[in-house]
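The structure appears below as structure tokens.
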Amino acid sequence: MAAATPATSTGNTKIDGIVQNVAANEPKKLSGLALYSRFAFAGAVCCSVTHGGLTPVDVVKTRIQLDPVTYNRGLIGGFRQVIQNEGAGALLTGAGPTFAGYFLQGAFKFGGYEFFKQQCINNLGYETAANNRTAVYLASSAAAEFFADIALCPLEATRIRLVSEPTFASGLISGFSKIAKTEGFGAFYSGFGPILFKQVPYTMAKFVVYEKVAEQVWKNFLNKETASDGMKTTVNLGSGLIAGFAAAIVSQPADTMLSKINKTKGLPGESTTSRLIKIGKELGLRGSYTGIGARLFMVGTLTAGQFAIYGDIKRMIGAVGGVEIAAA
């Protein structure tokens, strides 16, 4: 008896062979831990590489925020001042905590964003989520950033102390240990409020602007299905750059306050809230945007780099399976 033709067969042996080859070469869609661990890894790498690579810019930006009277010559002038006063090596101050902190934060931020976005879709239904995708982007990014900041805060506190007080410690381990020993574990989270006020609006603006810009590019100018990998990277770069500018402007006041509050420990009995109020009054609106030029350059560059690297790594490690709700 002849074998029955498979239900998926076209009846043509050659065509069936081509279809089977195409299906075999398509990347396998993942789910659960296998998928989200890949998102987290891609996010960890993109954030640690970009933030770590921009450590010199961050050193100068932090000096301008903490001592605007001395460092009053802008970004380029600030570089010259730091090199002249402390040597070129000072530009890498805090590189250790930066790499470590943003590796953890990137994993929670990008992996968490994809996870919470999927949870929103599951709970709302695909159509409702797609129709309200801006709210989904905002809620998902805010939730992801909250958990990311819990991981980042101790290392960010150590980084700022090393940058603001170059003689405080020799590096990440010694700086972390010294703060824990002399000020207690709570000192690592004295800036948790400001870091939330900085990072949550920053991340919300970053993801929603990126998603919206990329959506418009794919909808009106290019076909995502047929675009080359190089073109996809270019779109990620451009969308990320615009998103970075928006995020920097939204979060600049809190970034300045974070630098101030982590520069020195508070007075005995002084709460974090009272310190924030005092710093806010001292700064004023204009003072809170001190160093905005350096930060626009830094955040725009690193956000563009993050989304480009994130997209490339996802393709390389087969992080396929996330649900898209952007308009086609």
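Please note that chains go A, B, ... in the order of the structure tokens, that every chain numbers its residues from 1, and that ligands are numbered from 1 in the order shown.
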
Using only C-alpha atoms, which protein or nucleic acid residues come within 10 Å of Ile160 in chain A? Drop anything in the same chain fewer than 6 positions from it, and give the result as a list in words. Asp58, Val59, Thr62, Arg63, Thr93, Gly94, Pro97, Thr98, Pro166, Leu258, Ser259, Lys260, Ile261, Asn262, Lys263 and Thr264 of chain A

Item to complete: Tell me which protein, DNA and RNA residues are within 12 Å of Arg275 in chain A, counting only C-alpha atoms, leaving out same-chain ones fewer than 3 positions away, and put them as a list in words.
Response: Ser190, Gly191, Gly193, Pro194, Met257, Leu258, Lys260, Ile261, Asn262, Thr264, Lys265, Gly266, Leu267, Pro268, Gly269, Glu270, Ser271, Thr272, Lys278, Ile279, Gly280, Lys281 and Glu282 of chain A

Selected residues written out, N, CA and C atoms, as a tab-separated table (two decimals), in the first residue's frame:
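Below is the file out-v3.tsv, written as the result:
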```tsv
chain	number	residue	atom	x	y	z
A	190	SER	N	21.00	55.46	50.39
A	190	SER	CA	20.62	56.85	50.72
A	190	SER	C	20.18	57.59	49.47
A	191	GLY	N	20.67	57.15	48.32
A	191	GLY	CA	20.28	57.77	47.06
A	191	GLY	C	19.23	57.00	46.31
A	193	GLY	N	15.93	57.02	46.62
A	193	GLY	CA	14.84	57.92	46.20
A	193	GLY	C	15.22	58.70	44.95
A	194	PRO	N	16.36	59.42	44.99
A	194	PRO	CA	16.77	60.16	43.80
A	194	PRO	C	17.02	59.28	42.59
A	257	MET	N	20.73	65.79	41.61
A	257	MET	CA	20.48	65.56	43.03
A	257	MET	C	21.12	64.26	43.50
A	258	LEU	N	21.12	63.25	42.65
A	258	LEU	CA	21.75	61.98	43.00
A	258	LEU	C	23.25	62.16	43.22
A	260	LYS	N	24.74	64.89	44.11
A	260	LYS	CA	24.92	65.68	45.33
A	260	LYS	C	24.74	64.84	46.59
A	261	ILE	N	23.71	64.02	46.63
A	261	ILE	CA	23.38	63.29	47.86
A	261	ILE	C	24.39	62.17	48.13
A	262	ASN	N	25.02	61.66	47.08
A	262	ASN	CA	26.01	60.60	47.26
A	262	ASN	C	27.42	61.14	47.46
A	264	THR	N	28.56	63.19	49.87
A	264	THR	CA	28.93	63.12	51.28
A	264	THR	C	27.79	62.49	52.06
A	265	LYS	N	28.11	61.99	53.26
A	265	LYS	CA	27.07	61.41	54.10
A	265	LYS	C	26.30	62.53	54.79
A	266	GLY	N	25.06	62.24	55.17
A	266	GLY	CA	24.21	63.23	55.79
A	266	GLY	C	24.60	63.51	57.24
A	267	LEU	N	24.02	64.56	57.79
A	267	LEU	CA	24.26	64.90	59.19
A	267	LEU	C	23.57	63.88	60.10
A	268	PRO	N	24.04	63.73	61.34
A	268	PRO	CA	23.39	62.78	62.26
A	268	PRO	C	21.90	63.08	62.42
A	269	GLY	N	21.07	62.06	62.19
A	269	GLY	CA	19.63	62.21	62.33
A	269	GLY	C	18.94	62.85	61.14
A	270	GLU	N	19.69	63.22	60.12
A	270	GLU	CA	19.09	63.87	58.94
A	270	GLU	C	18.55	62.81	58.00
A	271	SER	N	17.26	62.90	57.67
A	271	SER	CA	16.64	61.91	56.79
A	271	SER	C	16.96	62.21	55.33
A	272	THR	N	16.80	61.18	54.50
A	272	THR	CA	17.03	61.35	53.07
A	272	THR	C	16.09	62.39	52.49
A	278	LYS	N	16.56	70.03	50.96
A	278	LYS	CA	17.61	71.04	51.11
A	278	LYS	C	18.42	71.19	49.83
A	279	ILE	N	18.77	70.06	49.21
A	279	ILE	CA	19.54	70.11	47.97
A	279	ILE	C	18.73	70.76	46.85
A	280	GLY	N	17.42	70.42	46.79
A	280	GLY	CA	16.55	71.01	45.78
A	280	GLY	C	16.47	72.52	45.89
A	281	LYS	N	16.37	73.02	47.13
A	281	LYS	CA	16.30	74.47	47.36
A	281	LYS	C	17.61	75.14	46.97
A	282	GLU	N	18.72	74.48	47.28
A	282	GLU	CA	20.03	75.05	46.95
A	282	GLU	C	20.26	75.12	45.44
```

Exercise for review: Find the residues around Ala100 in chain A up to 12 Å (only C-alpha atoms counted), leave out those fewer than 6 positions away in its own chain, and share them as an NGL selection string.
Suggested key: :A and (44-45 or 47-49 or 51-52 or 94 or 106-107 or 151-156 or 158-159 or 172-173)

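Excluding Glu215 in chain A and any residue on its chain fewer than 4 positions from it, the residues at most 12 Å away by only C-alpha atoms are Arg133, Thr134, Phe207, Val208, Val209, Tyr210, Glu211, Lys219, Asn220, Phe221, Leu222, Asn223, Lys224, Val235, Asn236, Ser239, Glu324, Ile325, Ala326, Ala327 and Ala328 of chain A.
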